[in-house]
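Here is protein.csv, consisting of CSV, C-alpha atoms:
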chain,number,residue,atom,x,y,z
A,83,MET,CA,-3.4,-1.7,-9.7
A,84,GLY,CA,-0.5,-2.6,-7.6
A,85,GLY,CA,-1.4,0.2,-5.2
A,86,ALA,CA,-3.0,0.1,-1.8
A,87,CYS,CA,-6.5,-0.2,-0.6
A,88,CYS,CA,-8.6,-0.7,2.5
A,89,VAL,CA,-11.7,-2.7,3.3
A,90,PRO,CA,-13.7,-3.4,6.4
A,91,GLY,CA,-13.3,-6.5,8.6
A,92,GLY,CA,-15.8,-9.3,8.8
A,93,SER,CA,-18.0,-7.9,11.5
A,94,GLY,CA,-21.1,-7.7,9.3
A,95,GLU,CA,-21.3,-3.9,9.6
A,96,SER,CA,-20.0,-1.2,7.3
A,97,ALA,CA,-16.7,0.3,8.2
A,98,ASP,CA,-14.0,2.7,7.0
A,99,ALA,CA,-10.3,2.0,6.8
A,100,VAL,CA,-7.3,3.8,5.4
A,101,ALA,CA,-4.2,2.3,3.8
A,102,SER,CA,-1.2,3.6,1.9
A,103,ALA,CA,1.4,2.1,-0.4
A,104,THR,CA,3.3,2.9,-3.7
A,105,HIS,CA,3.0,1.7,-7.2
A,106,SER,CA,6.6,0.5,-7.2
A,107,ASP,CA,5.6,-2.7,-9.0
A,108,ILE,CA,4.6,-0.8,-12.2
A,109,PRO,CA,7.4,-0.6,-14.8
A,110,GLY,CA,8.9,2.9,-15.2
A,111,GLU,CA,7.4,4.4,-12.1
A,112,GLN,CA,10.8,5.1,-10.5
A,113,MET,CA,14.2,6.0,-11.9
A,114,GLN,CA,12.8,6.6,-15.4
A,115,GLU,CA,14.5,8.5,-18.2
A,116,ALA,CA,13.0,10.4,-21.2
A,117,VAL,CA,13.7,8.6,-24.5
A,118,GLU,CA,13.4,9.7,-28.1
A,119,VAL,CA,10.5,7.4,-29.1
A,120,MET,CA,6.9,7.0,-28.1
A,121,THR,CA,6.6,4.7,-25.0
A,122,PHE,CA,3.6,3.3,-23.2
A,123,THR,CA,2.9,0.7,-20.6
A,124,ILE,CA,-0.2,-1.5,-20.6
A,125,VAL,CA,-0.8,-2.2,-17.0
A,126,GLY,CA,-4.1,-4.0,-16.7
A,127,ALA,CA,-7.8,-4.1,-17.4
A,128,ARG,CA,-11.0,-4.7,-15.4
A,129,GLY,CA,-14.8,-4.3,-15.5
A,130,PHE,CA,-15.3,-5.9,-18.9
A,131,ARG,CA,-17.9,-8.5,-19.7
A,132,ASN,CA,-17.3,-12.2,-19.6
A,133,SER,CA,-17.6,-13.1,-23.3
A,134,ASP,CA,-16.8,-16.7,-22.5
A,135,TRP,CA,-20.0,-17.0,-20.5
A,136,ALA,CA,-21.1,-20.5,-21.6
A,137,PRO,CA,-20.6,-23.3,-19.1
A,138,GLY,CA,-17.1,-24.8,-19.3
A,139,LEU,CA,-15.6,-22.0,-21.2
A,140,GLY,CA,-14.0,-20.2,-18.2
A,141,LYS,CA,-13.1,-16.5,-18.5
A,142,PRO,CA,-11.7,-14.4,-21.3
A,143,ASP,CA,-8.2,-14.9,-22.7
A,144,SER,CA,-7.6,-11.2,-23.1
A,145,TYR,CA,-5.0,-9.0,-24.9
A,146,VAL,CA,-4.6,-5.4,-25.9
A,147,VAL,CA,-3.8,-4.0,-29.3
A,148,VAL,CA,-2.6,-0.4,-29.7
A,149,THR,CA,-3.0,1.4,-33.1
A,150,SER,CA,-2.5,4.9,-34.4
A,151,ASN,CA,-3.7,6.2,-37.8
A,152,GLY,CA,-4.7,2.7,-38.8
A,153,LYS,CA,-1.3,1.2,-38.0
A,154,GLU,CA,-0.7,-1.4,-35.3
A,155,LEU,CA,1.9,-0.2,-32.9
A,156,ALA,CA,1.9,-2.9,-30.2
A,157,GLU,CA,0.1,-6.0,-29.0
A,158,THR,CA,0.4,-7.5,-25.5
A,159,ASN,CA,0.6,-11.2,-24.6
A,160,VAL,CA,-2.6,-13.1,-24.1
A,161,LEU,CA,-3.5,-13.6,-20.5
A,162,GLY,CA,-5.8,-16.6,-20.1
A,163,ASP,CA,-8.9,-17.1,-17.9
A,164,SER,CA,-8.9,-13.8,-16.1
A,165,MET,CA,-11.4,-11.0,-15.5
A,166,GLU,CA,-8.7,-8.7,-14.2
A,167,PRO,CA,-5.6,-9.3,-16.3
A,168,LEU,CA,-2.3,-7.6,-15.3
A,169,TRP,CA,0.2,-7.3,-18.2
A,170,LYS,CA,2.6,-4.6,-17.0
A,171,GLU,CA,4.1,-4.6,-20.5
A,172,GLU,CA,6.1,-1.6,-21.8
A,173,PHE,CA,6.5,-0.8,-25.5
A,174,ALA,CA,8.9,1.6,-27.2
A,175,VAL,CA,7.7,2.2,-30.7
A,176,GLU,CA,9.4,4.1,-33.5
A,177,ASN,CA,6.5,4.2,-36.1
A,178,TRP,CA,4.3,6.5,-34.1
A,179,GLU,CA,3.6,9.7,-36.1
A,180,ASP,CA,4.2,12.9,-34.1
A,181,GLY,CA,0.9,14.4,-32.8
A,182,ALA,CA,-1.2,11.3,-33.7
A,183,ASP,CA,-3.9,9.9,-31.4
A,184,LEU,CA,-3.7,6.5,-29.9
A,185,GLU,CA,-6.4,3.8,-29.9
A,186,PHE,CA,-6.5,1.0,-27.4
A,187,GLY,CA,-8.6,-2.1,-28.0
A,188,LEU,CA,-9.2,-4.9,-25.5
A,189,TYR,CA,-10.0,-8.4,-27.0
A,190,ASP,CA,-10.8,-11.9,-26.0
A,191,LYS,CA,-8.9,-14.4,-28.1
A,192,ASP,CA,-11.0,-17.4,-29.2
A,193,LEU,CA,-10.1,-20.5,-31.1
A,194,ILE,CA,-11.3,-18.7,-34.3
A,195,GLY,CA,-11.0,-14.9,-34.2
A,196,SER,CA,-11.4,-12.5,-31.3
A,197,ASP,CA,-14.2,-10.7,-29.5
A,198,LEU,CA,-14.0,-7.0,-28.8
A,199,LEU,CA,-14.3,-6.3,-25.1
A,200,GLY,CA,-13.9,-2.5,-25.3
A,201,LYS,CA,-11.9,0.3,-26.9
A,202,THR,CA,-11.1,3.9,-26.6
A,203,ILE,CA,-9.3,6.6,-28.6
A,204,VAL,CA,-7.0,8.9,-26.6
A,205,LYS,CA,-6.5,12.3,-28.2
A,206,TYR,CA,-3.0,13.6,-28.5
A,207,ASP,CA,-3.8,16.7,-26.4
A,208,ARG,CA,-4.6,14.3,-23.5
A,209,PHE,CA,-1.2,12.7,-23.4
A,210,LYS,CA,1.1,15.2,-25.1
A,211,ASP,CA,2.8,15.9,-21.7
A,212,GLY,CA,2.4,12.2,-20.5
A,213,PHE,CA,-0.5,10.2,-19.1
A,214,ASN,CA,-0.8,7.8,-16.1
A,215,GLY,CA,-4.2,6.5,-15.2
A,216,ASP,CA,-7.4,4.7,-16.1
A,217,LEU,CA,-9.1,4.9,-19.5
A,218,GLN,CA,-12.8,4.1,-19.6
A,219,LEU,CA,-13.6,1.9,-22.5
A,220,GLU,CA,-16.5,2.1,-25.0
A,221,ALA,CA,-18.2,-0.6,-27.1
A,222,THR,CA,-18.2,-2.8,-24.0
A,223,GLY,CA,-21.3,-4.8,-25.0
A,224,GLY,CA,-23.8,-3.1,-22.6
A,225,LYS,CA,-24.3,0.0,-20.4
A,226,LYS,CA,-23.9,-2.1,-17.3
A,227,TYR,CA,-20.2,-2.7,-18.0
A,228,ARG,CA,-17.8,0.0,-16.7
A,229,ALA,CA,-14.6,-1.3,-18.2
A,230,PHE,CA,-11.3,0.4,-17.6
A,231,LEU,CA,-7.8,0.0,-19.0
A,232,ARG,CA,-4.9,1.2,-16.9
A,233,VAL,CA,-2.1,2.7,-19.1
A,234,LYS,CA,0.9,4.9,-18.9
A,235,ILE,CA,2.0,7.0,-21.9
A,236,LYS,CA,5.2,9.1,-22.4
A,237,PRO,CA,5.7,10.8,-25.8
A,238,PRO,CA,9.3,11.3,-27.1
A,239,ASN,CA,11.5,13.2,-24.6
A,240,LYS,CA,8.9,13.0,-21.8
A,241,VAL,CA,8.6,10.9,-18.7
A,242,TYR,CA,5.6,9.2,-17.1
A,243,PRO,CA,3.7,11.6,-14.9
A,244,PRO,CA,2.7,10.6,-11.4
A,245,GLY,CA,-0.2,8.3,-11.2
A,246,PRO,CA,-3.3,8.5,-9.0
A,247,SER,CA,-2.7,8.5,-5.3
A,248,PRO,CA,-2.0,5.0,-4.0
A,249,GLU,CA,-4.0,5.6,-0.8
A,250,TYR,CA,-7.7,5.4,-0.7
A,251,SER,CA,-10.6,4.5,1.6
A,252,VAL,CA,-13.3,2.0,1.1
A,253,SER,CA,-16.5,1.4,3.0
A,254,LEU,CA,-18.3,-1.9,2.4
A,255,GLU,CA,-21.5,-3.2,4.0
A,256,LYS,CA,-21.5,-6.9,4.5
A,257,GLY,CA,-25.0,-7.2,6.0
A,258,ASN,CA,-26.2,-10.8,6.1
A,259,LEU,CA,-23.8,-11.9,3.4
A,260,LYS,CA,-21.1,-14.5,4.1
A,261,SER,CA,-18.4,-12.8,2.1
A,262,LEU,CA,-17.3,-9.3,1.0
A,263,GLY,CA,-16.6,-10.7,-2.4
A,264,LEU,CA,-12.8,-10.6,-2.1
A,265,ASP,CA,-10.2,-13.3,-2.3
A,266,VAL,CA,-7.0,-12.4,-0.5
A,267,ASP,CA,-3.6,-14.0,0.1
A,268,THR,CA,-1.2,-13.3,2.9
A,269,GLN,CA,2.0,-11.7,1.5
A,270,ASP,CA,3.6,-10.9,4.8
A,271,SER,CA,2.7,-10.4,8.4
A,272,LYS,CA,1.2,-6.9,7.8
A,273,ASN,CA,-0.5,-6.9,4.3
A,274,LEU,CA,-3.2,-8.9,2.4
A,275,TYR,CA,-3.0,-9.2,-1.3
A,276,ILE,CA,-6.2,-9.1,-3.4
A,277,SER,CA,-6.0,-12.1,-5.6
A,278,ALA,CA,-9.6,-11.9,-7.1
A,279,ILE,CA,-12.8,-9.9,-6.9
A,280,SER,CA,-16.1,-11.8,-7.2
A,281,GLU,CA,-18.6,-10.9,-9.9
A,282,GLU,CA,-21.2,-10.2,-7.2
A,283,GLY,CA,-21.0,-8.9,-3.7
A,284,PRO,CA,-20.1,-5.7,-1.7
A,285,ALA,CA,-16.7,-5.3,-3.3
A,286,VAL,CA,-18.0,-5.2,-6.9
A,287,ASP,CA,-21.0,-3.1,-5.8
A,288,TRP,CA,-18.5,-0.6,-4.5
A,289,ASN,CA,-16.6,-0.6,-7.8
A,290,ARG,CA,-19.7,0.1,-9.8
A,291,LYS,CA,-20.2,3.4,-8.0
A,292,ALA,CA,-16.6,4.5,-7.2
A,293,GLU,CA,-14.3,6.6,-9.3
A,294,PRO,CA,-11.6,4.6,-11.1
A,295,GLU,CA,-8.8,5.7,-8.7
A,296,ASN,CA,-10.9,4.5,-5.7
A,297,GLN,CA,-11.9,1.1,-7.0
A,298,LEU,CA,-10.7,-2.2,-5.5
A,299,VAL,CA,-8.4,-3.9,-8.0
A,300,HIS,CA,-6.7,-7.3,-8.3
A,301,GLY,CA,-3.1,-6.7,-7.3
A,302,ASP,CA,-3.8,-4.1,-4.6
A,303,PHE,CA,-2.8,-4.6,-0.9
A,304,ILE,CA,-5.0,-4.3,2.2
A,305,VAL,CA,-2.7,-2.6,4.7
A,306,ALA,CA,-5.2,-1.4,7.3
A,307,ILE,CA,-8.6,-2.5,8.5
A,308,ASN,CA,-10.9,-0.7,11.0
With the file now loaded, output its structure as structure tokens.
Amino acid sequence: MGGACCVPGGSGESADAVASATHSDIPGEQMQEAVEVMTFTIVGARGFRNSDWAPGLGKPDSYVVVTSNGKELAETNVLGDSMEPLWKEEFAVENWEDGADLEFGLYDKDLIGSDLLGKTIVKYDRFKDGFNGDLQLEATGGKKYRAFLRVKIKPPNKVYPPGPSPEYSVSLEKGNLKSLGLDVDTQDSKNLYISAISEEGPAVDWNRKAEPENQLVHGDFIVAIN
């Protein structure tokens, strides 16, 4: 999220391309300092089911709740009508108990109540020295959903560790399809910004097979095409 990516051109054949960038748009990635309280950043989510599947309902209005030992530590804002929400919200919490695990829950807010879209528990040993990456969610509503939550965690007196490499290669095969399944916007004369990924098509097919750090994500930039 907010990194770099690469995709083929529209020739109809598969191709490889390499791109590079930095995650400078993610809070705390540069010029960070260690603080005396638990701090984490909820960056974004992807791959979850559309719980608002009925005609006219649009897409989920999603938010994340973070708990520890049964106590709520933080809750993000609700981002409406999106299958790839980007919060980039950082929280510093004082009521975290030293050594306690963290639980992240992704929800769809409805008029009455909320639907669970996925959750995961992160053991303390996994983030005791900091964490920066993708968490695969459980309880997603079906085996076909590979849902991920991108988070950064720095315990007291620690800093965020480096995240996954911002550079990766993607090979997509367009075949007879009209589209690669990507919506892009021009940000400048050199880069394309991925504004959306279709629910079907070569792009989402790639994401279903690729490792989290090599998946195409809303917010990434296409900086080279072969």
Residues of region 184-216 of chain A at most 9 Å from region 143-149 of chain A: nearest atom pair and distance in Å, all atoms listed in the file, as a tab-separated table:
residue	atom	partner	partner_atom	distance
A:Leu184	CA	A:Thr149	CA	6.1
A:Glu185	CA	A:Thr149	CA	5.2
A:Phe186	CA	A:Val148	CA	4.7
A:Gly187	CA	A:Val147	CA	5.3
A:Leu188	CA	A:Val146	CA	4.6
A:Tyr189	CA	A:Ser144	CA	5.4
A:Asp190	CA	A:Ser144	CA	4.4
A:Lys191	CA	A:Asp143	CA	5.5
A:Asp192	CA	A:Asp143	CA	7.5
A:Leu199	CA	A:Ser144	CA	8.5
Selection to disk with C-alpha atoms, as a PDB file, in the frame of the given file:
ATOM      1  CA  LEU A 184      -3.700   6.500 -29.900  1.00  0.00           C
ATOM      2  CA  GLU A 185      -6.400   3.800 -29.900  1.00  0.00           C
ATOM      3  CA  PHE A 186      -6.500   1.000 -27.400  1.00  0.00           C
ATOM      4  CA  GLY A 187      -8.600  -2.100 -28.000  1.00  0.00           C
ATOM      5  CA  LEU A 188      -9.200  -4.900 -25.500  1.00  0.00           C
ATOM      6  CA  TYR A 189     -10.000  -8.400 -27.000  1.00  0.00           C
ATOM      7  CA  ASP A 190     -10.800 -11.900 -26.000  1.00  0.00           C
ATOM      8  CA  LYS A 191      -8.900 -14.400 -28.100  1.00  0.00           C
ATOM      9  CA  ASP A 192     -11.000 -17.400 -29.200  1.00  0.00           C
ATOM     10  CA  LEU A 199     -14.300  -6.300 -25.100  1.00  0.00           C
TER      11      LEU A 199
END
Dump as a list in words all residues having an atom at most 7 Å from (-9.0, -2.5, -20.1), computed in the file's coordinates with all atoms listed in the file.
->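 Protein, DNA and RNA residues close to (-9.0, -2.5, -20.1): Gly126, Ala127, Arg128, Leu188, Leu219, Ala229, Phe230, Leu231 and Arg232 of chain A.
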Dump C-alpha atoms for the selected residues as a tab-separated table (two decimals), in the frame of the given file?
chain	number	residue	atom	x	y	z
A	126	GLY	CA	-4.10	-4.00	-16.70
A	127	ALA	CA	-7.80	-4.10	-17.40
A	128	ARG	CA	-11.00	-4.70	-15.40
A	188	LEU	CA	-9.20	-4.90	-25.50
A	219	LEU	CA	-13.60	1.90	-22.50
A	229	ALA	CA	-14.60	-1.30	-18.20
A	230	PHE	CA	-11.30	0.40	-17.60
A	231	LEU	CA	-7.80	0.00	-19.00
A	232	ARG	CA	-4.90	1.20	-16.90
Take CA of Val125 (chain A) and CA of Asp163 (chain A) and report the distance between them in Å, one decimal.
-> 17.0 Å
Mind pulling up the distance from CA of Phe213 (chain A) to CA of Phe303 (chain A)?
->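 Separation between CA of Phe303 (chain A) and CA of Phe213 (chain A): 23.6 Å.
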Taking all atoms listed in the file into account, which of A:Leu198, A:Ile235, A:Met165, A:Val160 comes nearest Ser280 (chain A)?
-> A:Met165
So which residues touch region 285-291 of chain A within 10 Å, counting all atoms listed in the file, skipping near sequence neighbours fewer than 6 positions away, as a list in words?
-> Val89, Gly129, Lys226, Tyr227, Arg228, Ala229, Val252, Ser253, Leu254, Glu255, Lys256, Ser261, Leu262, Gly263, Leu264, Ile279, Gln297, Leu298 and Val299 of chain A
Can you spit out the residues from that selection as a short mmCIF file (atom, residue, chain, number, x, y, z; two decimals), in the coordinates of the input, using C-alpha atoms?
data_model
loop_
_atom_site.label_atom_id
_atom_site.label_comp_id
_atom_site.auth_asym_id
_atom_site.auth_seq_id
_atom_site.Cartn_x
_atom_site.Cartn_y
_atom_site.Cartn_z
CA VAL A 89 -11.70 -2.70 3.30
CA GLY A 129 -14.80 -4.30 -15.50
CA LYS A 226 -23.90 -2.10 -17.30
CA TYR A 227 -20.20 -2.70 -18.00
CA ARG A 228 -17.80 0.00 -16.70
CA ALA A 229 -14.60 -1.30 -18.20
CA VAL A 252 -13.30 2.00 1.10
CA SER A 253 -16.50 1.40 3.00
CA LEU A 254 -18.30 -1.90 2.40
CA GLU A 255 -21.50 -3.20 4.00
CA LYS A 256 -21.50 -6.90 4.50
CA SER A 261 -18.40 -12.80 2.10
CA LEU A 262 -17.30 -9.30 1.00
CA GLY A 263 -16.60 -10.70 -2.40
CA LEU A 264 -12.80 -10.60 -2.10
CA ILE A 279 -12.80 -9.90 -6.90
CA GLN A 297 -11.90 1.10 -7.00
CA LEU A 298 -10.70 -2.20 -5.50
CA VAL A 299 -8.40 -3.90 -8.00
#
Which residue gives the smallest distance to Ser251 (chain A) among A:Val305, A:Thr268, A:Asn239, A:Asn273, with all atoms listed in the file counted?
->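 Selected residue with least distance to Ser251 (chain A): A:Val305.
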CA of Glu166 (chain A) and CA of Asp265 (chain A), how far apart in Å?
->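 Going from CA of Asp265 (chain A) over to CA of Glu166 (chain A), I get 12.8 Å.
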A:Leu274, A:Pro243, A:Lys170, A:Pro238: which is nearest Val117 (chain A), counting only C-alpha atoms?
->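 Closest candidate: A:Pro238.
Here the residues that fall within 10 Å of (15.3, 9.9, -22.2), using only C-alpha atoms, are given as Gln114, Glu115, Ala116, Val117, Glu118, Val119, Pro238, Asn239, Lys240 and Val241 of chain A.
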Which of these residues is nearest to Asn132 (chain A), using only C-alpha atoms: A:Ser164, A:Lys225, A:Asp267, A:Gly212?
->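 Checking each candidate against Asn132 (chain A), we get A:Ser164 as the closest.
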For Thr123 (chain A), list every protein, DNA or RNA residue within 8 Å, evaluated using only C-alpha atoms, and leave out those in the same chain fewer than 4 positions away; present the list as a PyMOL selection string.
-> chain A and resi 109+170-173+233-235
Could those selected residues go to a file with C-alpha atoms, as a short mmCIF file (atom, residue, chain, number, x, y, z; two decimals), in the frame of the given file?
data_model
loop_
_atom_site.label_atom_id
_atom_site.label_comp_id
_atom_site.auth_asym_id
_atom_site.auth_seq_id
_atom_site.Cartn_x
_atom_site.Cartn_y
_atom_site.Cartn_z
CA PRO A 109 7.40 -0.60 -14.80
CA LYS A 170 2.60 -4.60 -17.00
CA GLU A 171 4.10 -4.60 -20.50
CA GLU A 172 6.10 -1.60 -21.80
CA PHE A 173 6.50 -0.80 -25.50
CA VAL A 233 -2.10 2.70 -19.10
CA LYS A 234 0.90 4.90 -18.90
CA ILE A 235 2.00 7.00 -21.90
#
Which one of A:Pro142, A:Gly181, A:Gly195, A:Gly162 sits closest to Lys210 (chain A) if you count all atoms listed in the file?
-> A:Gly181
Could you tell me which of A:Ser247, A:Ser271, A:Asn214, A:Ser150 comes closest to Glu179 (chain A) if we count only C-alpha atoms?
-> A:Ser150
Write out as a short mmCIF file (atom, residue, chain, number, x, y, z; two decimals) with C-alpha atoms, in the frame of the given file which residues come within 6 Å of Ile276 (chain A) when counting all atoms listed in the file, dropping same-chain ones fewer than 4 positions away.
data_model
loop_
_atom_site.label_atom_id
_atom_site.label_comp_id
_atom_site.auth_asym_id
_atom_site.auth_seq_id
_atom_site.Cartn_x
_atom_site.Cartn_y
_atom_site.Cartn_z
CA ASP A 265 -10.20 -13.30 -2.30
CA VAL A 266 -7.00 -12.40 -0.50
CA HIS A 300 -6.70 -7.30 -8.30
CA GLY A 301 -3.10 -6.70 -7.30
CA ASP A 302 -3.80 -4.10 -4.60
#
